[in-house]
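> Here you go, one structure.
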Amino acid sequence: MEIRSIDAAAVTETVRTLFMDMNYHIGNDIAEELKKAMDRETSDTAKNVIGQILENHQIAADEEVPMCQDTGMAILFVEYGERVVIENGSFEEAVQEGVRRAYIDGYLRKSVVDDPVFDRVNTKDNTPAIIYTTIVKGDRIRILAGCKGFGSENMSAVKMLTPSAGLDGVKKFIMDTVNYAGPNPCPPIVVGVGIGGSFEKAAMLAKKATLRPINTRHPDSRYASLEEELLTEINKTGLSAAMPQDIKKR
């Protein structure tokens, strides 16, 4: 079995580039949805907000400056090939260094504190990042990364439903969570839902769901239909111009 070596410096530079780029540029899928939302939106206030978001995005991309003052906590979902060996360092250290350089070199706001309750001393480089690693077949490393803003993070929720709650219980919890959050998360709102597994697994799936291209739907037609249904109900609340609903199941 052939082993592939990757230098730790390459991992660091890749992570650095990822986090600077995502703070400067909106994904094409989101930009296109925003433009479509401008056309179908009936509220003048909503049109104005979406227009400002698109204008802000263009300025951020042109000048390579953060599009939002909240540059988030670094979160990475890593698929680590079983035939990969990291040289001249460890994968963990390489990732953390990449995040460190991105937030320092890119002049991104550092929000992470060392102790969350008592000392609350800022680490001054936005580390440590949160890394979810899955060992997979092959000789490649695939990184799906996001910078989770704390405005949206504060509106996150987890609930352990009994089996008897059924689909109606799932729908009710999602709608209750969205209604409770109201306009507090920065618009436009992408709602990520994780279903199944343990307490922490469901939360992790929900976070990962927000990173899925929003112009796609769940491969299972039943969940795709549920996404459409929930998106319609969320938009009826009038809270904000919600973006397509993303659901992941265990």
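Residue numbering restarts at 1 in every chain; chains get A, B, ... in the order shown in the structure tokens, and ligands count up from 1 in that same order.
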Each residue of stretch 94-213 of chain A lying at most 12 Å from stretch 29-45 of chain A should get a row with its shortest atom-to-atom pair and the distance in Å to one decimal, counting only C-alpha atoms; could you produce that, ordered by chain and increasing number, as a tab-separated table?


```
residue	atom	partner	partner_atom	distance
A:Pro187	CA	A:Leu34	CA	10.7
A:Pro188	CA	A:Leu34	CA	8.3
A:Ile189	CA	A:Ile30	CA	10.8
A:Val190	CA	A:Ile30	CA	9.7
A:Thr210	CA	A:Ile30	CA	11.5
A:Leu211	CA	A:Ile30	CA	10.8
A:Arg212	CA	A:Asp29	CA	9.8
A:Pro213	CA	A:Asp29	CA	6.2
```

> Using only C-alpha atoms, tabulate the residues of stretch 157-215 of chain A lying at most 12 Å from any atom of stretch 120-132 of chain A, each with its closest atom pair and that distance in Å to one decimal, by chain and increasing residue number, as a Markdown table.


```
| residue | atom | partner | partner_atom | distance |
| --- | --- | --- | --- | --- |
| A:Glu200 | CA | A:Tyr132 | CA | 11.7 |
| A:Lys201 | CA | A:Tyr132 | CA | 10.9 |
| A:Met204 | CA | A:Tyr132 | CA | 8.7 |
| A:Leu205 | CA | A:Tyr132 | CA | 10.9 |
| A:Lys207 | CA | A:Tyr132 | CA | 11.2 |
| A:Lys208 | CA | A:Tyr132 | CA | 10.2 |
```

> Take the residues from that selection and write them out as an mmCIF file, in the first residue's frame, keeping N, CA and C atoms.


```cif
data_model
loop_
_atom_site.group_PDB
_atom_site.id
_atom_site.type_symbol
_atom_site.label_atom_id
_atom_site.label_comp_id
_atom_site.auth_asym_id
_atom_site.auth_seq_id
_atom_site.Cartn_x
_atom_site.Cartn_y
_atom_site.Cartn_z
ATOM 1 N N GLU A 200 -24.340 15.398 20.849
ATOM 2 C CA GLU A 200 -23.315 16.176 20.148
ATOM 3 C C GLU A 200 -23.288 15.865 18.651
ATOM 4 N N LYS A 201 -23.687 14.648 18.267
ATOM 5 C CA LYS A 201 -23.705 14.285 16.848
ATOM 6 C C LYS A 201 -24.730 15.109 16.093
ATOM 7 N N MET A 204 -23.389 18.599 15.609
ATOM 8 C CA MET A 204 -22.330 18.626 14.605
ATOM 9 C C MET A 204 -22.919 18.537 13.198
ATOM 10 N N LEU A 205 -23.920 17.667 13.015
ATOM 11 C CA LEU A 205 -24.564 17.538 11.716
ATOM 12 C C LEU A 205 -25.263 18.836 11.307
ATOM 13 N N LYS A 207 -24.437 21.854 12.168
ATOM 14 C CA LYS A 207 -23.399 22.832 11.787
ATOM 15 C C LYS A 207 -22.863 22.526 10.393
ATOM 16 N N LYS A 208 -22.641 21.240 10.134
ATOM 17 C CA LYS A 208 -22.136 20.850 8.815
ATOM 18 C C LYS A 208 -23.166 21.133 7.727
#
```

> Please measure the separation of atom CA of A:Thr17 and atom CA of A:Glu87, giving the value in Å to one decimal.

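Pair atom CA of A:Thr17 / atom CA of A:Glu87 returns 20.0 Å.
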
> Do you have the atom CA of A:Cys147-atom CA of A:Leu54 distance handy?

19.2 Å

> Kindly indicate which residue among A:Ala202, A:Val193, A:Leu167, A:Asp70 lies nearest to A:Phe150, using only C-alpha atoms for the distances.

A:Asp70

> For A:Ile104, which of A:Ile50, A:Leu231, A:Met20, A:Ala74 is the closest residue, counting only C-alpha atoms?

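For A:Ile104, the nearest of the candidates is A:Met20.
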
> In terms of the shortest atom-to-atom distance over only C-alpha atoms, which of A:Met73, A:Val158, A:Ile59, A:Leu239 is closest to A:Ser111?

A:Met73

> Which residues come within 10 Å of A:Met1, counting only C-alpha atoms, excluding same-chain residues fewer than 2 positions away, as a ChimeraX atom specification?

/A:3-4,83

> Could you tell me, as a PDB file with C-alpha atoms, in the first residue's frame, which residues of stretch 157-247 of chain A DSSP assigns to helix (DSSP H, G or I) when given the backbone?


```pdb
ATOM      1  CA  PRO A 163     -39.465   8.624  19.298  1.00  0.00           C
ATOM      2  CA  SER A 164     -43.133   9.348  19.914  1.00  0.00           C
ATOM      3  CA  ALA A 165     -42.579  13.012  18.955  1.00  0.00           C
ATOM      4  CA  GLY A 166     -42.300  11.888  15.337  1.00  0.00           C
ATOM      5  CA  LEU A 167     -42.067  14.180  12.334  1.00  0.00           C
ATOM      6  CA  ASP A 168     -44.438  16.732  13.854  1.00  0.00           C
ATOM      7  CA  GLY A 169     -42.145  17.053  16.854  1.00  0.00           C
ATOM      8  CA  VAL A 170     -39.156  17.668  14.575  1.00  0.00           C
ATOM      9  CA  LYS A 171     -41.038  20.349  12.649  1.00  0.00           C
ATOM     10  CA  LYS A 172     -42.257  22.040  15.822  1.00  0.00           C
ATOM     11  CA  PHE A 173     -38.785  22.210  17.333  1.00  0.00           C
ATOM     12  CA  ILE A 174     -37.307  23.709  14.169  1.00  0.00           C
ATOM     13  CA  MET A 175     -40.039  26.339  13.907  1.00  0.00           C
ATOM     14  CA  ASP A 176     -39.875  27.133  17.645  1.00  0.00           C
ATOM     15  CA  THR A 177     -36.105  27.625  17.374  1.00  0.00           C
ATOM     16  CA  VAL A 178     -36.416  29.909  14.340  1.00  0.00           C
ATOM     17  CA  ASN A 179     -39.171  31.961  15.955  1.00  0.00           C
ATOM     18  CA  TYR A 180     -37.196  32.291  19.185  1.00  0.00           C
ATOM     19  CA  ALA A 181     -34.119  33.445  17.263  1.00  0.00           C
ATOM     20  CA  PHE A 199     -26.636  14.963  21.574  1.00  0.00           C
ATOM     21  CA  GLU A 200     -23.315  16.176  20.148  1.00  0.00           C
ATOM     22  CA  LYS A 201     -23.705  14.285  16.848  1.00  0.00           C
ATOM     23  CA  ALA A 202     -26.947  16.072  16.015  1.00  0.00           C
ATOM     24  CA  ALA A 203     -25.365  19.464  16.741  1.00  0.00           C
ATOM     25  CA  MET A 204     -22.330  18.626  14.605  1.00  0.00           C
ATOM     26  CA  LEU A 205     -24.564  17.538  11.716  1.00  0.00           C
ATOM     27  CA  ALA A 206     -26.570  20.764  11.976  1.00  0.00           C
ATOM     28  CA  LYS A 207     -23.399  22.832  11.787  1.00  0.00           C
ATOM     29  CA  LYS A 208     -22.136  20.850   8.815  1.00  0.00           C
ATOM     30  CA  ALA A 209     -25.507  21.244   7.082  1.00  0.00           C
ATOM     31  CA  SER A 221     -36.632  12.904  -1.648  1.00  0.00           C
ATOM     32  CA  ARG A 222     -38.492  12.739   1.675  1.00  0.00           C
ATOM     33  CA  TYR A 223     -35.989  15.047   3.362  1.00  0.00           C
ATOM     34  CA  ALA A 224     -35.809  17.258   0.267  1.00  0.00           C
ATOM     35  CA  SER A 225     -39.575  17.710   0.507  1.00  0.00           C
ATOM     36  CA  LEU A 226     -39.258  18.488   4.221  1.00  0.00           C
ATOM     37  CA  GLU A 227     -36.640  21.147   3.450  1.00  0.00           C
ATOM     38  CA  GLU A 228     -38.979  22.852   1.006  1.00  0.00           C
ATOM     39  CA  GLU A 229     -41.908  22.670   3.428  1.00  0.00           C
ATOM     40  CA  LEU A 230     -39.924  24.167   6.298  1.00  0.00           C
ATOM     41  CA  LEU A 231     -38.418  26.896   4.124  1.00  0.00           C
ATOM     42  CA  THR A 232     -41.913  27.952   3.091  1.00  0.00           C
ATOM     43  CA  GLU A 233     -43.128  28.022   6.697  1.00  0.00           C
ATOM     44  CA  ILE A 234     -40.050  29.935   7.883  1.00  0.00           C
ATOM     45  CA  ASN A 235     -40.482  32.579   5.204  1.00  0.00           C
ATOM     46  CA  LYS A 236     -44.124  32.998   6.207  1.00  0.00           C
TER      47      LYS A 236
END
```

> From the set A:Val84, A:Val49, A:Val95, A:Ala102, which residue has the shortest atom-to-atom contact distance to A:Thr71, counting only C-alpha atoms?

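Counting only C-alpha atoms, the residue closest to A:Thr71 is A:Ala102.
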
> I'd like the contact shell of stretch 137-141 of chain A - 10 Å cut-off, only C-alpha atoms, skipping same-chain residues fewer than 4 positions apart - returned as a count of residues only.

14

> Could you please write out, as number ranges by chain, every residue of stretch 137-221 of chain A that DSSP assigns to strand (DSSP E)?

A: 141-148, 192-195
